[in-house]
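Here is the file run23.cif (mmCIF, N, CA and C atoms).
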```cif
data_input
loop_
_atom_site.group_PDB
_atom_site.id
_atom_site.type_symbol
_atom_site.label_atom_id
_atom_site.label_comp_id
_atom_site.auth_asym_id
_atom_site.auth_seq_id
_atom_site.Cartn_x
_atom_site.Cartn_y
_atom_site.Cartn_z
ATOM 1 N N MET P 1420 -65.917 30.014 -59.659
ATOM 2 C CA MET P 1420 -64.719 30.783 -59.478
ATOM 3 C C MET P 1420 -64.772 31.403 -58.075
ATOM 4 N N GLY P 1421 -63.920 30.956 -57.203
ATOM 5 C CA GLY P 1421 -63.878 31.462 -55.835
ATOM 6 C C GLY P 1421 -62.665 32.337 -55.611
ATOM 7 N N LEU P 1422 -62.655 32.967 -54.461
ATOM 8 C CA LEU P 1422 -61.519 33.812 -54.091
ATOM 9 C C LEU P 1422 -60.534 32.985 -53.284
ATOM 10 N N SER P 1423 -59.323 32.963 -53.747
ATOM 11 C CA SER P 1423 -58.294 32.234 -53.001
ATOM 12 C C SER P 1423 -57.625 33.176 -52.007
ATOM 13 N N THR P 1424 -56.750 32.641 -51.203
ATOM 14 C CA THR P 1424 -56.046 33.432 -50.190
ATOM 15 C C THR P 1424 -55.167 34.503 -50.837
ATOM 16 N N THR P 1425 -54.520 34.154 -51.936
ATOM 17 C CA THR P 1425 -53.655 35.142 -52.604
ATOM 18 C C THR P 1425 -54.475 36.293 -53.187
ATOM 19 N N HIS P 1426 -55.658 35.977 -53.704
ATOM 20 C CA HIS P 1426 -56.520 37.035 -54.226
ATOM 21 C C HIS P 1426 -56.942 37.980 -53.101
ATOM 22 N N LEU P 1427 -57.284 37.433 -51.949
ATOM 23 C CA LEU P 1427 -57.690 38.257 -50.819
ATOM 24 C C LEU P 1427 -56.545 39.133 -50.320
ATOM 25 N N ILE P 1428 -55.339 38.593 -50.283
ATOM 26 C CA ILE P 1428 -54.180 39.378 -49.835
ATOM 27 C C ILE P 1428 -53.906 40.524 -50.803
ATOM 28 N N ILE P 1429 -53.950 40.251 -52.076
ATOM 29 C CA ILE P 1429 -53.743 41.300 -53.080
ATOM 30 C C ILE P 1429 -54.828 42.367 -52.963
ATOM 31 N N PHE P 1430 -56.056 41.948 -52.774
ATOM 32 C CA PHE P 1430 -57.180 42.868 -52.613
ATOM 33 C C PHE P 1430 -56.977 43.765 -51.388
ATOM 34 N N LEU P 1431 -56.566 43.189 -50.261
ATOM 35 C CA LEU P 1431 -56.329 43.973 -49.052
ATOM 36 C C LEU P 1431 -55.174 44.953 -49.214
ATOM 37 N N VAL P 1432 -54.116 44.549 -49.910
ATOM 38 C CA VAL P 1432 -52.981 45.443 -50.155
ATOM 39 C C VAL P 1432 -53.422 46.637 -51.001
ATOM 40 N N ILE P 1433 -54.223 46.396 -52.006
ATOM 41 C CA ILE P 1433 -54.722 47.482 -52.856
ATOM 42 C C ILE P 1433 -55.603 48.438 -52.044
ATOM 43 N N ILE P 1434 -56.458 47.896 -51.183
ATOM 44 C CA ILE P 1434 -57.324 48.727 -50.332
ATOM 45 C C ILE P 1434 -56.479 49.590 -49.402
ATOM 46 N N VAL P 1435 -55.448 49.009 -48.794
ATOM 47 C CA VAL P 1435 -54.560 49.765 -47.894
ATOM 48 C C VAL P 1435 -53.840 50.861 -48.666
ATOM 49 N N LEU P 1436 -53.398 50.579 -49.883
ATOM 50 C CA LEU P 1436 -52.713 51.589 -50.684
ATOM 51 C C LEU P 1436 -53.649 52.737 -51.067
ATOM 52 N N ILE P 1437 -54.891 52.413 -51.337
ATOM 53 C CA ILE P 1437 -55.848 53.450 -51.748
ATOM 54 C C ILE P 1437 -56.250 54.329 -50.569
ATOM 55 N N PHE P 1438 -56.680 53.706 -49.477
ATOM 56 C CA PHE P 1438 -57.224 54.460 -48.351
ATOM 57 C C PHE P 1438 -56.181 54.850 -47.306
ATOM 58 N N GLY P 1439 -55.159 54.088 -47.144
ATOM 59 C CA GLY P 1439 -54.168 54.367 -46.111
ATOM 60 C C GLY P 1439 -54.562 53.724 -44.789
ATOM 61 N N THR P 1440 -53.570 53.472 -43.956
ATOM 62 C CA THR P 1440 -53.828 52.750 -42.710
ATOM 63 C C THR P 1440 -54.592 53.600 -41.704
ATOM 64 N N LYS P 1441 -54.344 54.904 -41.686
ATOM 65 C CA LYS P 1441 -55.039 55.761 -40.723
ATOM 66 C C LYS P 1441 -56.538 55.813 -41.012
ATOM 67 N N LYS P 1442 -56.892 55.948 -42.263
ATOM 68 C CA LYS P 1442 -58.303 55.997 -42.646
ATOM 69 C C LYS P 1442 -58.987 54.662 -42.343
ATOM 70 N N LEU P 1443 -58.305 53.562 -42.623
ATOM 71 C CA LEU P 1443 -58.876 52.246 -42.331
ATOM 72 C C LEU P 1443 -59.047 52.033 -40.830
ATOM 73 N N LYS P 1444 -58.098 52.566 -40.032
ATOM 74 C CA LYS P 1444 -58.218 52.461 -38.576
ATOM 75 C C LYS P 1444 -59.439 53.241 -38.089
ATOM 76 N N ASN P 1445 -59.655 54.429 -38.621
ATOM 77 C CA ASN P 1445 -60.813 55.235 -38.237
ATOM 78 C C ASN P 1445 -62.121 54.538 -38.630
ATOM 79 N N ILE P 1446 -62.144 53.970 -39.812
ATOM 80 C CA ILE P 1446 -63.345 53.264 -40.266
ATOM 81 C C ILE P 1446 -63.618 52.061 -39.370
ATOM 82 N N GLY P 1447 -62.565 51.333 -39.005
ATOM 83 C CA GLY P 1447 -62.726 50.168 -38.136
ATOM 84 C C GLY P 1447 -63.224 50.543 -36.754
ATOM 85 N N SER P 1448 -62.681 51.620 -36.189
ATOM 86 C CA SER P 1448 -63.126 52.029 -34.854
ATOM 87 C C SER P 1448 -64.557 52.559 -34.893
ATOM 88 N N ASP P 1449 -64.929 53.276 -35.954
ATOM 89 C CA ASP P 1449 -66.308 53.748 -36.095
ATOM 90 C C ASP P 1449 -67.272 52.582 -36.236
ATOM 91 N N LEU P 1450 -66.885 51.602 -37.008
ATOM 92 C CA LEU P 1450 -67.729 50.426 -37.181
ATOM 93 C C LEU P 1450 -67.867 49.653 -35.875
ATOM 94 N N GLY P 1451 -66.765 49.523 -35.132
ATOM 95 C CA GLY P 1451 -66.807 48.825 -33.850
ATOM 96 C C GLY P 1451 -67.681 49.531 -32.838
ATOM 97 N N SER P 1452 -67.601 50.861 -32.771
ATOM 98 C CA SER P 1452 -68.441 51.591 -31.826
ATOM 99 C C SER P 1452 -69.910 51.541 -32.233
ATOM 100 N N ALA P 1453 -70.176 51.487 -33.532
ATOM 101 C CA ALA P 1453 -71.560 51.364 -33.983
ATOM 102 C C ALA P 1453 -72.141 50.013 -33.600
ATOM 103 N N VAL P 1454 -71.353 48.954 -33.745
ATOM 104 C CA VAL P 1454 -71.816 47.612 -33.366
ATOM 105 C C VAL P 1454 -72.037 47.542 -31.853
ATOM 106 N N LYS P 1455 -71.120 48.141 -31.082
ATOM 107 C CA LYS P 1455 -71.263 48.146 -29.629
ATOM 108 C C LYS P 1455 -72.515 48.915 -29.211
ATOM 109 N N GLY P 1456 -72.761 50.048 -29.823
ATOM 110 C CA GLY P 1456 -73.963 50.823 -29.537
ATOM 111 C C GLY P 1456 -75.225 50.066 -29.880
ATOM 112 N N PHE P 1457 -75.189 49.334 -30.984
ATOM 113 C CA PHE P 1457 -76.349 48.530 -31.379
ATOM 114 C C PHE P 1457 -76.618 47.432 -30.356
ATOM 115 N N LYS P 1458 -75.553 46.758 -29.900
ATOM 116 C CA LYS P 1458 -75.713 45.695 -28.903
ATOM 117 C C LYS P 1458 -76.240 46.252 -27.591
ATOM 118 N N ASP P 1459 -75.728 47.412 -27.171
ATOM 119 C CA ASP P 1459 -76.214 48.037 -25.938
ATOM 120 C C ASP P 1459 -77.681 48.430 -26.074
ATOM 121 N N GLY P 1460 -78.053 48.916 -27.231
ATOM 122 C CA GLY P 1460 -79.449 49.264 -27.477
ATOM 123 C C GLY P 1460 -80.359 48.049 -27.435
ATOM 124 N N MET P 1461 -79.872 46.938 -27.937
ATOM 125 C CA MET P 1461 -80.680 45.716 -27.890
ATOM 126 C C MET P 1461 -80.830 45.223 -26.456
ATOM 127 N N LYS P 1462 -79.780 45.373 -25.641
ATOM 128 C CA LYS P 1462 -79.874 44.972 -24.238
ATOM 129 C C LYS P 1462 -80.861 45.861 -23.494
ATOM 130 N N ASP P 1463 -80.840 47.159 -23.764
ATOM 131 C CA ASP P 1463 -81.762 48.082 -23.112
ATOM 132 C C ASP P 1463 -83.201 47.817 -23.529
ATOM 133 N N GLY P 1464 -83.403 47.377 -24.746
ATOM 134 C CA GLY P 1464 -84.750 47.100 -25.234
ATOM 135 C C GLY P 1464 -85.368 45.877 -24.595
ATOM 136 N N GLU P 1465 -84.547 44.980 -24.053
ATOM 137 C CA GLU P 1465 -85.079 43.773 -23.448
ATOM 138 C C GLU P 1465 -85.579 44.004 -22.028
ATOM 139 N N LYS P 1466 -85.158 45.082 -21.377
ATOM 140 C CA LYS P 1466 -85.574 45.349 -20.004
ATOM 141 C C LYS P 1466 -87.017 45.822 -19.990
ATOM 142 N N PRO P 1467 -87.840 45.278 -19.094
ATOM 143 C CA PRO P 1467 -89.223 45.765 -19.009
ATOM 144 C C PRO P 1467 -89.243 47.156 -18.386
ATOM 145 N N GLU P 1468 -90.147 47.959 -18.870
ATOM 146 C CA GLU P 1468 -90.251 49.309 -18.348
ATOM 147 C C GLU P 1468 -90.878 49.273 -16.960
ATOM 148 N N GLU P 1469 -90.454 50.202 -16.129
ATOM 149 C CA GLU P 1469 -91.009 50.270 -14.793
ATOM 150 C C GLU P 1469 -92.468 50.706 -14.882
ATOM 151 N N ALA P 1470 -93.285 50.093 -14.037
ATOM 152 C CA ALA P 1470 -94.705 50.418 -14.041
ATOM 153 C C ALA P 1470 -94.909 51.796 -13.419
ATOM 154 N N ARG P 1471 -95.650 52.633 -14.114
ATOM 155 C CA ARG P 1471 -95.968 53.961 -13.610
ATOM 156 C C ARG P 1471 -97.455 53.996 -13.274
ATOM 157 N N PRO P 1472 -97.820 54.723 -12.236
ATOM 158 C CA PRO P 1472 -99.247 54.801 -11.909
ATOM 159 C C PRO P 1472 -100.002 55.523 -13.014
ATOM 160 N N PRO P 1473 -101.222 55.123 -13.293
ATOM 161 C CA PRO P 1473 -101.990 55.778 -14.351
ATOM 162 C C PRO P 1473 -102.306 57.223 -13.980
ATOM 163 N N GLN P 1474 -102.334 58.075 -14.988
ATOM 164 C CA GLN P 1474 -102.637 59.484 -14.771
ATOM 165 C C GLN P 1474 -104.125 59.709 -14.946
ATOM 166 N N GLN P 1475 -104.698 60.530 -14.080
ATOM 167 C CA GLN P 1475 -106.121 60.815 -14.171
ATOM 168 C C GLN P 1475 -106.320 62.218 -14.707
ATOM 169 N N VAL P 1476 -107.307 62.352 -15.574
ATOM 170 C CA VAL P 1476 -107.674 63.641 -16.121
ATOM 171 C C VAL P 1476 -108.908 64.103 -15.379
ATOM 172 N N THR P 1477 -108.822 65.248 -14.756
ATOM 173 C CA THR P 1477 -109.965 65.766 -13.996
ATOM 174 C C THR P 1477 -110.339 67.134 -14.519
ATOM 175 N N ALA P 1478 -111.582 67.472 -14.337
ATOM 176 C CA ALA P 1478 -112.081 68.771 -14.765
ATOM 177 C C ALA P 1478 -111.833 69.783 -13.660
ATOM 178 N N THR P 1479 -111.260 70.930 -14.016
ATOM 179 C CA THR P 1479 -111.006 71.964 -13.025
ATOM 180 C C THR P 1479 -112.153 72.964 -12.963
ATOM 181 N N ASP P 1480 -112.902 73.081 -14.025
ATOM 182 C CA ASP P 1480 -114.035 73.994 -14.069
ATOM 183 C C ASP P 1480 -115.294 73.216 -13.694
ATOM 184 N N THR P 1481 -115.996 73.637 -12.643
ATOM 185 C CA THR P 1481 -117.181 72.891 -12.183
ATOM 186 C C THR P 1481 -118.349 73.058 -13.137
ATOM 187 N N ARG P 1482 -118.375 74.143 -13.922
ATOM 188 C CA ARG P 1482 -119.469 74.336 -14.874
ATOM 189 C C ARG P 1482 -119.404 73.322 -16.011
ATOM 190 N N ALA P 1483 -118.203 72.914 -16.403
ATOM 191 C CA ALA P 1483 -118.038 72.001 -17.523
ATOM 192 C C ALA P 1483 -117.991 70.549 -17.066
ATOM 193 N N SER P 1484 -118.159 70.275 -15.769
ATOM 194 C CA SER P 1484 -118.034 68.912 -15.283
ATOM 195 C C SER P 1484 -119.136 67.998 -15.802
ATOM 196 N N ASN P 1485 -120.293 68.521 -16.164
ATOM 197 C CA ASN P 1485 -121.364 67.692 -16.713
ATOM 198 C C ASN P 1485 -121.024 67.222 -18.122
ATOM 199 N N ASP P 1486 -120.228 68.008 -18.855
ATOM 200 C CA ASP P 1486 -119.875 67.671 -20.222
ATOM 201 C C ASP P 1486 -118.533 66.932 -20.318
ATOM 202 N N THR P 1487 -117.814 66.812 -19.203
ATOM 203 C CA THR P 1487 -116.478 66.243 -19.211
ATOM 204 C C THR P 1487 -116.525 64.778 -18.813
ATOM 205 N N ILE P 1488 -115.746 63.960 -19.492
ATOM 206 C CA ILE P 1488 -115.647 62.547 -19.179
ATOM 207 C C ILE P 1488 -114.311 62.320 -18.503
ATOM 208 N N ASP P 1489 -114.324 61.686 -17.317
ATOM 209 C CA ASP P 1489 -113.091 61.395 -16.583
ATOM 210 C C ASP P 1489 -112.549 60.064 -17.065
ATOM 211 N N VAL P 1490 -111.315 60.062 -17.567
ATOM 212 C CA VAL P 1490 -110.709 58.839 -18.103
ATOM 213 C C VAL P 1490 -109.350 58.635 -17.462
ATOM 214 N N GLU P 1491 -108.852 57.404 -17.544
ATOM 215 C CA GLU P 1491 -107.497 57.089 -17.114
ATOM 216 C C GLU P 1491 -106.633 56.902 -18.343
ATOM 217 N N ALA P 1492 -105.502 57.574 -18.354
ATOM 218 C CA ALA P 1492 -104.555 57.420 -19.467
ATOM 219 C C ALA P 1492 -103.623 56.275 -19.151
ATOM 220 N N LYS P 1493 -103.495 55.355 -20.066
ATOM 221 C CA LYS P 1493 -102.602 54.199 -19.870
ATOM 222 C C LYS P 1493 -101.355 54.385 -20.689
ATOM 223 N N ASN P 1494 -100.212 54.120 -20.074
ATOM 224 C CA ASN P 1494 -98.935 54.213 -20.776
ATOM 225 C C ASN P 1494 -98.643 52.907 -21.468
ATOM 226 N N ARG P 1495 -98.047 53.017 -22.639
ATOM 227 C CA ARG P 1495 -97.687 51.795 -23.369
ATOM 228 C C ARG P 1495 -96.312 51.396 -23.026
#
```

Final structure tokens representation of the file:
Amino acid sequence: MGLSTTHLIIFLVIIVLIFGTKKLKNIGSDLGSAVKGFKDGMKDGEKPEEARPPQQVTATDTRASNDTIDVEAKNR
């Protein structure tokens, strides 16, 4: 049992009567902006991040320098 064209038209008319054209327009524009935002987010995710120089952690107190390990922090 499939949906024919007449069934779809009747279904759409009932939806318009229930919600009204203004509400359906708002829902459509919200859905469209959400899809556009998703696509823009996917495009931004494909760009490689700019390489930043590694940050160094140094000891400022000379008394604790024997106990301190100097490491480089790597960004992901």

Practice problem: In Å, rounded to a single decimal, give me how far atom N of P:Lys1493 is from atom C of P:Gln1475. | Solution: 9.2 Å

Quiz item: What does the distance between atom CA of P:Ile1428 and atom CA of P:Thr1440 come to in Å, to one decimal place?
Solution: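 Separation between atom CA of P:Ile1428 and atom CA of P:Thr1440: 15.2 Å.
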
Practice problem: For atom C of P:Val1490 and atom C of P:Asp1463, quote the distance in Å rounded to one decimal. | Solution: 28.9 Å

Taking every listed atom of stretch 1423-1427 of chain P and adding 4 Å to each side, what centre and edge lengths in Å (one decimal) does the axis-aligned box have, as lines of an AutoDock Vina configuration file?
```
center_x = -56.5
center_y = 35.7
center_z = -52.2
size_x = 13.7
size_y = 14.9
size_z = 12.0
```
